[in-house]
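Only one structure is covered here, and it is reproduced in the block below.
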Amino acid sequence: MTTVAAYAAPAAKAPLERTTIERRAVREFDVLIDIKFAGICHSDIHQAREGWGEAIFPMVPGHEIAGIVSEVGPGVTKYAVGDRVGVGCMVDSCRECDNCKAGLEQYCTGGGMTGTYNAVGKDGEPTYGGYAEKIVVDENYVVRIPEGLSLDVAAPLLCAGITTYSPLKHWNAGPGKKVAIVGMGGLGHMGVKIAHALGAEVTVLSQSLRKKDDGLKLGADHYYATSDETTFKELAGTFDLILSTVSAPLNLDAYLSLLKTDGAFVNVGAPEEPVALNLFSVIGGRKTLAGSGIGGIQETQEMLDFCAEHGFGAEIELIRADEINEAYERVLASDVRYRFVIDTATI
């Protein structure tokens, strides 16, 4: 066991505070990672405040982890000391179900994936995330960060990047397709970059035009304010794919009206409250209302390589660990452009 410094929420809705946690000894197929940077995801706030249901405390959030391998187990073949690596939203799964075998570990049906934090591992111990100095992870749930990506801007790709890349690829965003991204936050700004790099015609649908210049700079072709009542009339029947990245409940019927026949509205943001739907909104036009959760390990590696090839990471604001609680409040106020990343040297 190794004792490391970390920032943890001692109880639901409590401010995060500096503490120490125990990391397991390196097993045969484990890698020990010195965490250099950890992104702050809105999911961290939902879970630390029990917005998605009962949680495990004390909680060390963080599933956007970038660092350097400092030790490997005797059976490790994929990584060596000194490698630049990342860890995303899961650290294990059953490995035996059809989904795991197909590289869809995020949809594991053999007990579900083991979350990087707020979960219980196969050893019966709670998992602790990336707001810490070090983490121990099985090599099969670690990805390589390409040399073309600096670790700080790569960290948010481990959730925000893959969460948008996976559905954009699955629903064939690319040349000739009109794609709308709802929201220009931590997820949304990555959705814009990735959809643009895939060759799609990209529109941002945001509450206001406050971030329009940023959206256009990051690759959007068009930018509309959803608070403007003319937007939904003007864009009716326009899009092949709409990717909603917001965690607030939306008027789904209004957004579904923006789809072409056979279009898809895909949710990657997860509101804490249920949302209502008139089924005629999907029946008319044979439309799809769907959801998507992160991506498998192989697809996460593919996403990192794609981002490196196209020369971009996340847009970040680097913070000290003692600024985490302030950062949470700023995320809730949409006051970040576009992802807070913790410099873990400050823990």
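All residue names refer to the structure tokens as shown: chains lettered A, B, ... in order, residues numbered from 1 in each chain, ligands numbered from 1 in order.
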
Within 7 Å of region 294-299 of chain A, which residues of region 161-227 of chain A come that close, and what is the closest atom pair and distance in Å for each? Count only C-alpha atoms and give it as a tab-separated table.
```
residue	atom	partner	partner_atom	distance
A:Ile162	CA	A:Ile294	CA	5.5
A:Thr163	CA	A:Ile294	CA	4.1
A:Ser166	CA	A:Gly295	CA	5.8
```

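Separating CA of Gly285 (chain A) from CA of Gly269 (chain A) is a distance of 23.8 Å.
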
Using only C-alpha atoms: which of A:Ser244, A:Thr19, A:Asn118, A:Ser257 has the shortest distance to Glu133 (chain A):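 Of the candidates, the smallest distance to Glu133 (chain A) is held by A:Thr19.
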
Region 342-346 of chain A environment, 7 Å, only C-alpha atoms, sequence neighbours closer than 3 positions dropped, as JSON, numbers by chain: {"A": [35, 36, 37, 38, 39, 132, 133, 318, 319, 320, 321]}

For region 260-325 of chain A versus region 218-222 of chain A, which residues have an atom no more than 12 Å away, and what is each residue's nearest atom pair and distance in Å rounded to one decimal, using only C-alpha atoms, chain-then-number order, as JSON lines?
```
{"residue": "A:Phe312", "atom": "CA", "partner": "A:Leu218", "partner_atom": "CA", "distance": 9.8}
{"residue": "A:Gly313", "atom": "CA", "partner": "A:Leu218", "partner_atom": "CA", "distance": 11.1}
{"residue": "A:Ala314", "atom": "CA", "partner": "A:Leu218", "partner_atom": "CA", "distance": 10.4}
{"residue": "A:Glu315", "atom": "CA", "partner": "A:Leu218", "partner_atom": "CA", "distance": 9.5}
```

Residues of region 124-332 of chain A in alpha helix (DSSP H), written as a ChimeraX atom specification: /A:151-154,160-170,186-197,212-218,230-234,252-256,280-283,297-310,324-332

Check which residues of region 155-228 of chain A sit at most 9 Å from region 58-74 of chain A using only C-alpha atoms, and return one row each with the closest pair of atoms and their distance in Å to one decimal, ordered by chain and rising number, as a Markdown table.
```
| residue | atom | partner | partner_atom | distance |
| --- | --- | --- | --- | --- |
| A:Ala155 | CA | A:Ala66 | CA | 5.0 |
| A:Pro156 | CA | A:Glu64 | CA | 5.2 |
| A:Leu157 | CA | A:Glu64 | CA | 7.0 |
| A:Leu158 | CA | A:Glu64 | CA | 4.9 |
| A:Cys159 | CA | A:Glu64 | CA | 5.8 |
| A:Ala160 | CA | A:Glu64 | CA | 8.2 |
```

Residue nearest Leu104 (chain A) - candidates A:Met184, A:Glu22, A:Ser292, A:Ala195, atoms counted: only C-alpha atoms: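 Of A:Met184, A:Glu22, A:Ser292, A:Ala195, the one nearest Leu104 (chain A), counting only C-alpha atoms, is A:Ser292.
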
For Gly174 (chain A): contacts at 7 Å, only C-alpha atoms, fewer than 4 positions along chain excluded, given as a PyMOL selection string: chain A and resi 198-200

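Between CA of Met113 (chain A) and CA of Asp92 (chain A) the separation is 5.9 Å.
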
Region 130-195 of chain A: residues DSSP assigns to strand (DSSP E), reported as an NGL selection string: :A and (134-138 or 143-144 or 178-182)
